[in-house]
file entry26.txt (compact mmCIF, C-alpha atoms)
# COMPACT_ATOMS: atom_id res chain seq x y z
CA MET A 1 -7.72 -74.33 -43.02
CA GLU A 2 -9.65 -75.50 -41.23
CA ARG A 3 -11.12 -78.51 -39.46
CA TRP A 4 -10.27 -77.93 -35.84
CA ARG A 5 -11.72 -79.48 -32.70
CA PRO A 6 -10.53 -78.71 -29.17
CA SER A 7 -8.29 -81.45 -27.82
CA VAL A 8 -9.60 -83.79 -25.11
CA PRO A 9 -7.24 -82.51 -22.34
CA LEU A 10 -8.46 -78.92 -22.86
CA VAL A 11 -12.15 -79.87 -22.72
CA ALA A 12 -11.61 -82.23 -19.77
CA SER A 13 -9.72 -79.51 -17.87
CA TRP A 14 -12.44 -76.95 -18.52
CA LEU A 15 -15.20 -79.30 -17.30
CA GLY A 16 -13.04 -80.32 -14.33
CA LEU A 17 -12.48 -76.66 -13.39
CA LEU A 18 -16.22 -75.92 -13.49
CA ALA A 19 -16.92 -79.06 -11.40
CA LEU A 20 -14.31 -77.96 -8.82
CA LEU A 21 -15.94 -74.51 -8.72
CA ALA A 22 -19.34 -76.10 -7.99
CA LEU A 23 -17.70 -78.31 -5.34
CA THR A 24 -15.92 -75.44 -3.56
CA VAL A 25 -19.08 -73.29 -3.44
CA THR A 26 -21.13 -76.25 -2.11
CA LEU A 27 -18.52 -77.11 0.56
CA ALA A 28 -18.32 -73.44 1.64
CA TYR A 29 -21.88 -73.78 2.95
CA GLN A 30 -21.13 -76.94 4.99
CA PRO A 31 -20.19 -76.32 8.63
CA LEU A 32 -16.62 -77.69 8.70
CA GLY A 33 -15.19 -75.17 11.17
CA ALA A 34 -11.57 -74.29 10.47
CA PHE A 35 -11.52 -76.80 7.61
CA ASN A 36 -13.72 -74.55 5.44
CA ALA A 37 -10.72 -72.31 4.77
CA VAL A 38 -8.37 -75.27 4.22
CA VAL A 39 -10.80 -76.93 1.78
CA ALA A 40 -11.35 -73.67 -0.15
CA LEU A 41 -7.60 -73.06 -0.52
CA CYS A 42 -6.84 -76.70 -1.44
CA ILE A 43 -9.51 -76.68 -4.16
CA GLY A 44 -8.21 -73.29 -5.34
CA ALA A 45 -4.67 -74.70 -5.53
CA THR A 46 -5.96 -77.70 -7.51
CA LYS A 47 -7.73 -75.41 -9.99
CA ALA A 48 -4.58 -73.26 -10.33
CA ALA A 49 -2.52 -76.42 -10.93
CA ILE A 50 -4.88 -77.55 -13.72
CA VAL A 51 -4.71 -74.11 -15.39
CA ALA A 52 -0.90 -74.07 -15.11
CA ALA A 53 -0.40 -77.67 -16.29
CA VAL A 54 -2.84 -77.76 -19.20
CA PHE A 55 -3.83 -74.23 -20.28
CA MET A 56 -0.35 -72.78 -19.65
CA GLU A 57 1.15 -75.94 -21.18
CA LEU A 58 3.59 -76.57 -18.32
CA ARG A 59 3.01 -80.34 -18.59
CA GLU A 60 4.59 -80.22 -22.06
CA ARG A 61 7.65 -78.24 -20.96
CA GLY A 62 11.07 -79.23 -19.70
CA PRO A 63 13.08 -78.44 -16.56
CA ARG A 64 14.20 -74.98 -17.73
CA ILE A 65 10.64 -73.58 -17.84
CA PHE A 66 9.80 -75.45 -14.60
CA ILE A 67 12.65 -73.66 -12.82
CA PHE A 68 11.45 -70.24 -14.01
CA ALA A 69 7.80 -70.99 -13.17
CA GLY A 70 8.78 -72.57 -9.85
CA ALA A 71 10.95 -69.57 -8.86
CA GLY A 72 7.82 -67.43 -8.50
CA LEU A 73 6.22 -70.02 -6.23
CA PHE A 74 9.43 -70.38 -4.21
CA TRP A 75 9.65 -66.63 -3.56
CA LEU A 76 5.92 -66.55 -2.78
CA ALA A 77 6.44 -69.34 -0.24
CA ILE A 78 9.22 -67.34 1.46
CA LEU A 79 7.03 -64.22 1.48
CA LEU A 80 4.01 -66.00 3.00
CA TRP A 81 6.03 -68.20 5.37
CA LEU A 82 8.39 -65.62 6.89
CA GLY A 83 5.81 -62.85 6.58
CA SER A 84 3.16 -64.67 8.59
CA MET A 85 5.40 -66.58 11.07
CA ASP A 86 5.29 -63.91 13.78
CA PHE A 87 1.50 -63.55 13.61
CA MET A 88 0.87 -67.30 13.62
CA THR A 89 3.15 -67.97 16.62
CA ARG A 90 2.45 -64.89 18.75
CA THR A 91 0.60 -65.79 21.95
CA MET B 1 14.57 -54.21 -39.87
CA PRO B 2 14.34 -56.31 -43.02
CA ASP B 3 11.39 -58.70 -43.02
CA SER B 4 13.49 -61.48 -44.47
CA LEU B 5 15.02 -62.22 -41.06
CA PRO B 6 12.66 -64.54 -39.14
CA PHE B 7 14.47 -63.87 -35.86
CA ALA B 8 16.77 -61.24 -34.32
CA PRO B 9 20.55 -61.76 -34.55
CA GLN B 10 20.97 -62.72 -30.88
CA PHE B 11 18.98 -65.92 -31.47
CA ALA B 12 20.25 -69.10 -33.10
CA SER B 13 16.84 -70.18 -34.38
CA VAL B 14 13.11 -69.46 -34.33
CA ARG B 15 12.76 -72.08 -31.60
CA HIS B 16 15.45 -70.33 -29.55
CA ARG B 17 13.56 -67.03 -29.97
CA ASP B 18 10.24 -68.58 -28.87
CA GLU B 19 11.76 -70.32 -25.84
CA THR B 20 13.33 -67.04 -24.77
CA ALA B 21 9.98 -65.28 -25.06
CA GLU B 22 8.33 -67.97 -22.95
CA LEU B 23 11.03 -67.79 -20.27
CA GLY B 24 10.65 -64.01 -20.24
CA MET B 25 6.91 -64.33 -19.68
CA TRP B 26 7.50 -66.67 -16.74
CA VAL B 27 9.93 -64.17 -15.18
CA PHE B 28 7.27 -61.47 -15.59
CA ILE B 29 4.64 -63.78 -14.07
CA ALA B 30 6.97 -64.42 -11.09
CA THR B 31 7.03 -60.66 -10.40
CA GLU B 32 3.24 -60.60 -10.66
CA VAL B 33 2.97 -63.56 -8.26
CA LEU B 34 4.92 -61.49 -5.72
CA LEU B 35 2.75 -58.41 -6.34
CA PHE B 36 -0.44 -60.32 -5.58
CA GLY B 37 1.42 -62.41 -2.97
CA GLY B 38 2.07 -59.27 -0.90
CA LEU B 39 -1.61 -58.44 -1.04
CA ILE B 40 -2.60 -61.94 0.00
CA LEU B 41 -0.10 -61.90 2.87
CA SER B 42 -1.76 -58.72 4.16
CA TYR B 43 -5.12 -60.51 3.89
CA PHE B 44 -3.90 -63.43 6.02
CA VAL B 45 -2.38 -61.11 8.63
CA TYR B 46 -5.56 -59.05 9.02
CA ARG B 47 -7.80 -62.12 8.91
CA HIS B 48 -5.69 -63.74 11.60
CA ALA B 49 -6.02 -60.58 13.72
CA ASP B 50 -9.81 -60.41 13.44
CA PRO B 51 -11.24 -63.65 12.00
CA ARG B 52 -14.84 -62.94 13.04
CA ALA B 53 -14.87 -59.59 11.26
CA PHE B 54 -13.53 -61.19 8.06
CA MET B 55 -16.27 -63.84 8.20
CA ALA B 56 -18.91 -61.15 8.77
CA ALA B 57 -17.53 -59.00 5.94
CA SER B 58 -17.37 -61.94 3.54
CA ARG B 59 -21.07 -62.59 4.15
CA HIS B 60 -21.72 -59.15 2.62
CA THR B 61 -20.07 -60.10 -0.69
CA ASP B 62 -22.22 -61.33 -3.57
CA VAL B 63 -21.37 -65.02 -3.91
CA LEU B 64 -23.67 -65.38 -6.93
CA ILE B 65 -21.80 -62.75 -8.99
CA GLY B 66 -18.48 -64.04 -7.62
CA THR B 67 -19.25 -67.61 -8.71
CA ALA B 68 -20.61 -66.50 -12.10
CA ASN B 69 -17.46 -64.42 -12.67
CA THR B 70 -15.24 -67.37 -11.75
CA ALA B 71 -17.07 -69.61 -14.24
CA ILE B 72 -16.79 -66.82 -16.86
CA LEU B 73 -13.04 -66.44 -16.33
CA LEU B 74 -12.38 -70.20 -16.33
CA THR B 75 -14.32 -70.49 -19.60
CA SER B 76 -12.47 -67.52 -21.13
CA SER B 77 -9.17 -69.20 -20.23
CA PHE B 78 -10.42 -72.37 -21.95
CA PHE B 79 -11.26 -70.28 -25.05
CA VAL B 80 -7.81 -68.68 -25.08
CA ALA B 81 -6.08 -72.06 -24.68
CA CYS B 82 -8.21 -73.33 -27.59
CA ALA B 83 -7.31 -70.24 -29.65
CA VAL B 84 -3.59 -70.99 -29.21
CA GLU B 85 -4.18 -74.63 -30.16
CA ALA B 86 -6.29 -73.66 -33.21
CA PHE B 87 -3.71 -71.12 -34.39
CA SER B 88 -0.95 -73.70 -34.20
CA VAL B 89 -2.82 -75.92 -36.70
CA ARG B 90 -3.51 -72.88 -38.92
CA ALA B 91 -7.23 -72.73 -38.12
CA ARG B 92 -7.11 -68.94 -38.03
CA THR B 93 -10.84 -68.28 -38.35
CA ALA B 94 -11.56 -70.59 -35.42
CA SER B 95 -8.73 -69.01 -33.43
CA ARG B 96 -10.11 -65.54 -34.07
CA ALA B 97 -13.66 -66.57 -33.08
CA LEU B 98 -12.34 -68.10 -29.85
CA LEU B 99 -10.41 -64.90 -29.04
CA ILE B 100 -13.54 -62.82 -29.62
CA GLY B 101 -15.45 -65.21 -27.33
CA ALA B 102 -12.78 -64.75 -24.63
CA ILE B 103 -12.94 -60.95 -25.04
CA VAL B 104 -16.75 -60.96 -24.67
CA LEU B 105 -16.43 -63.12 -21.54
CA GLY B 106 -13.73 -60.81 -20.17
CA LEU B 107 -15.93 -57.77 -20.73
CA SER B 108 -18.88 -59.56 -19.05
CA PHE B 109 -16.64 -60.15 -16.04
CA VAL B 110 -15.81 -56.43 -15.84
CA VAL B 111 -19.48 -55.41 -16.25
CA LEU B 112 -20.63 -57.83 -13.52
CA LYS B 113 -17.86 -56.48 -11.26
CA GLY B 114 -19.27 -53.00 -11.92
CA PHE B 115 -22.76 -54.12 -10.81
CA GLU B 116 -21.18 -55.62 -7.71
CA TYR B 117 -19.36 -52.35 -6.88
CA ALA B 118 -22.65 -50.43 -7.36
CA ASP B 119 -24.37 -52.76 -4.85
CA GLU B 120 -21.52 -52.26 -2.39
CA TYR B 121 -21.85 -48.49 -2.79
CA ARG B 122 -25.57 -48.74 -1.98
CA GLU B 123 -24.78 -50.89 1.07
CA HIS B 124 -22.22 -48.30 2.32
CA LEU B 125 -19.31 -50.74 2.14
CA ILE B 126 -16.71 -48.61 0.32
CA PRO B 127 -13.96 -47.44 2.73
CA GLY B 128 -12.98 -43.82 2.24
CA ILE B 129 -16.16 -43.00 0.32
CA ASN B 130 -19.22 -44.05 2.27
CA PHE B 131 -18.28 -46.84 4.68
CA SER B 132 -20.61 -47.42 7.61
CA PHE B 133 -21.09 -50.67 9.52
CA ASP B 134 -22.79 -51.12 12.88
CA GLY B 135 -21.36 -53.12 15.74
CA PRO B 136 -18.01 -54.03 17.30
CA LEU B 137 -16.66 -55.69 14.13
CA ALA B 138 -16.77 -52.49 12.05
CA ASP B 139 -12.98 -51.88 12.01
CA GLY B 140 -12.17 -55.42 10.87
CA VAL B 141 -14.94 -55.35 8.26
CA GLN B 142 -13.53 -52.09 6.92
CA LEU B 143 -10.05 -53.68 6.66
CA PHE B 144 -11.58 -56.57 4.69
CA PHE B 145 -13.19 -54.15 2.26
CA VAL B 146 -9.95 -52.16 1.85
CA PHE B 147 -8.32 -55.44 0.80
CA TYR B 148 -11.33 -56.32 -1.34
CA PHE B 149 -11.26 -53.09 -3.34
CA VAL B 150 -7.46 -52.90 -3.74
CA ALA B 151 -7.23 -56.56 -4.81
CA THR B 152 -10.24 -56.59 -7.16
CA LEU B 153 -9.40 -53.22 -8.75
CA LEU B 154 -5.83 -54.36 -9.35
CA HIS B 155 -7.17 -57.60 -10.80
CA THR B 156 -9.69 -55.74 -13.00
CA LEU B 157 -6.86 -53.52 -14.30
CA HIS B 158 -5.06 -56.73 -15.31
CA MET B 159 -8.27 -57.92 -16.98
CA LEU B 160 -8.53 -54.72 -19.01
CA ILE B 161 -4.90 -55.01 -20.14
CA GLY B 162 -5.56 -58.66 -21.08
CA ILE B 163 -8.71 -57.74 -23.01
CA GLY B 164 -6.68 -55.09 -24.88
CA LEU B 165 -3.99 -57.67 -25.77
CA LEU B 166 -6.53 -60.23 -26.96
CA THR B 167 -8.27 -57.54 -29.04
CA ILE B 168 -5.01 -56.74 -30.85
CA PHE B 169 -4.65 -60.43 -31.75
CA ALA B 170 -8.32 -60.80 -32.75
CA VAL B 171 -7.95 -57.83 -35.14
CA ARG B 172 -4.60 -58.79 -36.65
CA ILE B 173 -4.60 -62.58 -36.57
CA ARG B 174 -5.99 -63.16 -40.06
CA ASN B 175 -3.08 -61.65 -41.94
CA ALA B 176 -0.36 -61.87 -39.34
CA GLU B 177 2.96 -63.57 -39.97
CA GLU B 178 2.80 -67.16 -38.74
CA SER B 179 5.66 -68.04 -36.40
CA ARG B 180 6.10 -64.63 -34.78
CA THR B 181 2.36 -64.40 -34.06
CA ARG B 182 2.23 -67.89 -32.61
CA ALA B 183 4.93 -66.99 -30.06
CA ALA B 184 3.29 -63.64 -29.24
CA LEU B 185 -0.18 -65.18 -28.89
CA HIS B 186 1.28 -67.81 -26.59
CA SER B 187 2.76 -65.04 -24.38
CA ALA B 188 -0.56 -63.18 -24.25
CA ALA B 189 -2.31 -66.46 -23.37
CA LEU B 190 0.11 -67.08 -20.48
CA TYR B 191 -0.77 -63.62 -19.13
CA TRP B 192 -4.52 -64.29 -19.45
CA HIS B 193 -4.24 -67.64 -17.67
CA PHE B 194 -2.21 -66.04 -14.89
CA VAL B 195 -4.93 -63.42 -14.35
CA ASP B 196 -7.39 -66.33 -14.17
CA VAL B 197 -5.26 -68.08 -11.50
CA VAL B 198 -5.14 -64.87 -9.42
CA TRP B 199 -8.93 -64.72 -9.52
CA ILE B 200 -9.25 -68.37 -8.42
CA PHE B 201 -7.48 -67.44 -5.17
CA LEU B 202 -9.22 -64.08 -4.73
CA PHE B 203 -12.55 -65.89 -5.11
CA ALA B 204 -11.65 -68.39 -2.36
CA LEU B 205 -10.44 -65.62 -0.01
CA ILE B 206 -13.18 -63.02 -0.64
CA TYR B 207 -16.44 -64.87 -1.30
CA LEU B 208 -16.25 -68.24 0.48
CA PRO B 209 -15.34 -67.47 4.14
CA GLY B 210 -18.14 -67.33 6.70
CA LYS B 211 -20.79 -68.85 4.45
CA SER B 212 -21.36 -71.90 6.68
CA SER B 213 -22.04 -70.00 9.91
call {"tool": "encode", "arguments": {"input": "entry26.txt", "output": "structure tokens"}}
result
Amino acid sequence: MERWRPSVPLVASWLGLLALLALTVTLAYQPLGAFNAVVALCIGATKAAIVAAVFMELRERGPRIFIFAGAGLFWLAILLWLGSMDFMTRT
Amino acid sequence: MPDSLPFAPQFASVRHRDETAELGMWVFIATEVLLFGGLILSYFVYRHADPRAFMAASRHTDVLIGTANTAILLTSSFFVACAVEAFSVRARTASRALLIGAIVLGLSFVVLKGFEYADEYREHLIPGINFSFDGPLADGVQLFFVFYFVATLLHTLHMLIGIGLLTIFAVRIRNAEESRTRAALHSAALYWHFVDVVWIFLFALIYLPGKSS
């Protein structure tokens, strides 16, 4: 007990996440055509990466945890890729 | 089980026990990724089939509440990450206060979501209950709102489970045994952050499309 201050990476991540939120909402109102969706998903992926790396402490973990965390993403990629291929290529 | 044993017999050490718990949480999160992944795949398929309807439907969502809720969840995740950090340096009072802050933010999220659902009820946007939408895009708009309600209700259920977990820790953290609680709190935190990540994507898919046109 009990002098505790939040570490710099946690505070920086939090402020960065809020800034990215402001950015994504602002860009959603700019007429970028098809790029609106791309920008929204790229900023979303960046926010998710910050949460995973810093809040979920993945940046401090070794290859074993990476493999387990990456497995979910790998299966998700197969699901989205093979699941949407027919619809994206149908003419 | 005698309290003198700090870890179960299948583990070689406390560290081994904690690593196993963390790996287990990541396996669980992978199954959750696929649960929400299936939902998001259905979103992309239906959006691809009727993009104009999805844009029109998205314009009927409340971007103000959506943005506020995203900021609330991101901040609650920050609080939970801080609570884990504070607990690991034995600052239990700070850790408990941070958990209570995260619980209050989580409850605010759920309450705001309730206000949003009430607005959607008044605007006749709830499929199966009172949906009515004029014009040729009505079918696609209805599909969007089916996705919207299934995805957000499933997410809110996760929120409520997370709030319950955090409440258990907030109540018991002061007198809880050190190493076991640290591992358990870390697992609960991983779950909370995952629910946050799901919302980041739901926010981008539900609230942002169609705003520029």
call {"tool": "interface_residues", "arguments": {"input": "entry26.txt", "of": "chain A", "to": "chain B", "cutoff": "8 Å", "atoms": "all atoms listed in the file", "output": "JSON, numbers by chain"}}
result
{"A": [1, 2, 3, 4, 5, 6, 10, 11, 14, 17, 18, 21, 25, 28, 29, 30, 31, 32, 36, 37, 40, 41, 44, 45, 47, 48, 51, 52, 55, 56, 65, 68, 69, 71, 72, 73, 75, 76, 79, 80, 83, 84, 87, 88]}
call {"tool": "atom_distance", "arguments": {"input": "entry26.txt", "atom1": "CA of Pro6 in chain B", "atom2": "CA of Leu99 in chain B"}}
result
25.2 Å
call {"tool": "closest_atom_pairs", "arguments": {"input": "entry26.txt", "of": "range 31-78 of chain B", "to": "range 118-128 of chain B", "cutoff": "9 Å", "atoms": "only C-alpha atoms", "output": "Markdown table"}}
result
| residue | atom | partner | partner_atom | distance |
| --- | --- | --- | --- | --- |
| B:His60 | CA | B:Glu120 | CA | 8.5 |
| B:Thr61 | CA | B:Glu120 | CA | 8.2 |
| B:Asp62 | CA | B:Asp119 | CA | 8.9 |
call {"tool": "atom_distance", "arguments": {"input": "entry26.txt", "atom1": "CA of Thr89 in chain A", "atom2": "CA of Asp50 in chain B"}}
result
15.3 Å
call {"tool": "atom_distance", "arguments": {"input": "entry26.txt", "atom1": "CA of Ala21 in chain B", "atom2": "CA of Arg61 in chain A"}}
result
13.8 Å
call {"tool": "closest_residue", "arguments": {"input": "entry26.txt", "among": "A:Ala49, A:Phe74, A:Val38, A:Pro9", "to": "Thr24 in chain A", "atoms": "all atoms listed in the file"}}
result
A:Val38
call {"tool": "residues_around", "arguments": {"input": "entry26.txt", "residues": "Phe149 in chain B", "least_positions_apart": "2", "cutoff": "12 Å", "atoms": "all atoms listed in the file", "output": "PyMOL selection string"}}
result
chain B and resi 39+61+113-114+116-117+120-121+125-129+142-147+151-157+202+206
call {"tool": "write_last_selection", "arguments": {"input": "entry26.txt", "atoms": "C-alpha atoms", "output": "compact mmCIF listing (two decimals), in the coordinates of the input"}}
result
# COMPACT_ATOMS: atom_id res chain seq x y z
CA LEU B 39 -1.61 -58.44 -1.04
CA THR B 61 -20.07 -60.10 -0.69
CA LYS B 113 -17.86 -56.48 -11.26
CA GLY B 114 -19.27 -53.00 -11.92
CA GLU B 116 -21.18 -55.62 -7.71
CA TYR B 117 -19.36 -52.35 -6.88
CA GLU B 120 -21.52 -52.26 -2.39
CA TYR B 121 -21.85 -48.49 -2.79
CA LEU B 125 -19.31 -50.74 2.14
CA ILE B 126 -16.71 -48.61 0.32
CA PRO B 127 -13.96 -47.44 2.73
CA GLY B 128 -12.98 -43.82 2.24
CA ILE B 129 -16.16 -43.00 0.32
CA GLN B 142 -13.53 -52.09 6.92
CA LEU B 143 -10.05 -53.68 6.66
CA PHE B 144 -11.58 -56.57 4.69
CA PHE B 145 -13.19 -54.15 2.26
CA VAL B 146 -9.95 -52.16 1.85
CA PHE B 147 -8.32 -55.44 0.80
CA ALA B 151 -7.23 -56.56 -4.81
CA THR B 152 -10.24 -56.59 -7.16
CA LEU B 153 -9.40 -53.22 -8.75
CA LEU B 154 -5.83 -54.36 -9.35
CA HIS B 155 -7.17 -57.60 -10.80
CA THR B 156 -9.69 -55.74 -13.00
CA LEU B 157 -6.86 -53.52 -14.30
CA LEU B 202 -9.22 -64.08 -4.73
CA ILE B 206 -13.18 -63.02 -0.64
call {"tool": "closest_residue", "arguments": {"input": "entry26.txt", "among": "A:Ile78, A:Phe66, A:Thr46, A:Glu60", "to": "Gly16 in chain A", "atoms": "all atoms listed in the file"}}
result
A:Thr46
call {"tool": "closest_residue", "arguments": {"input": "entry26.txt", "among": "A:Ile67, A:Ala12, A:Val39, A:Met85", "to": "Val54 in chain A", "atoms": "all atoms listed in the file"}}
result
A:Ala12
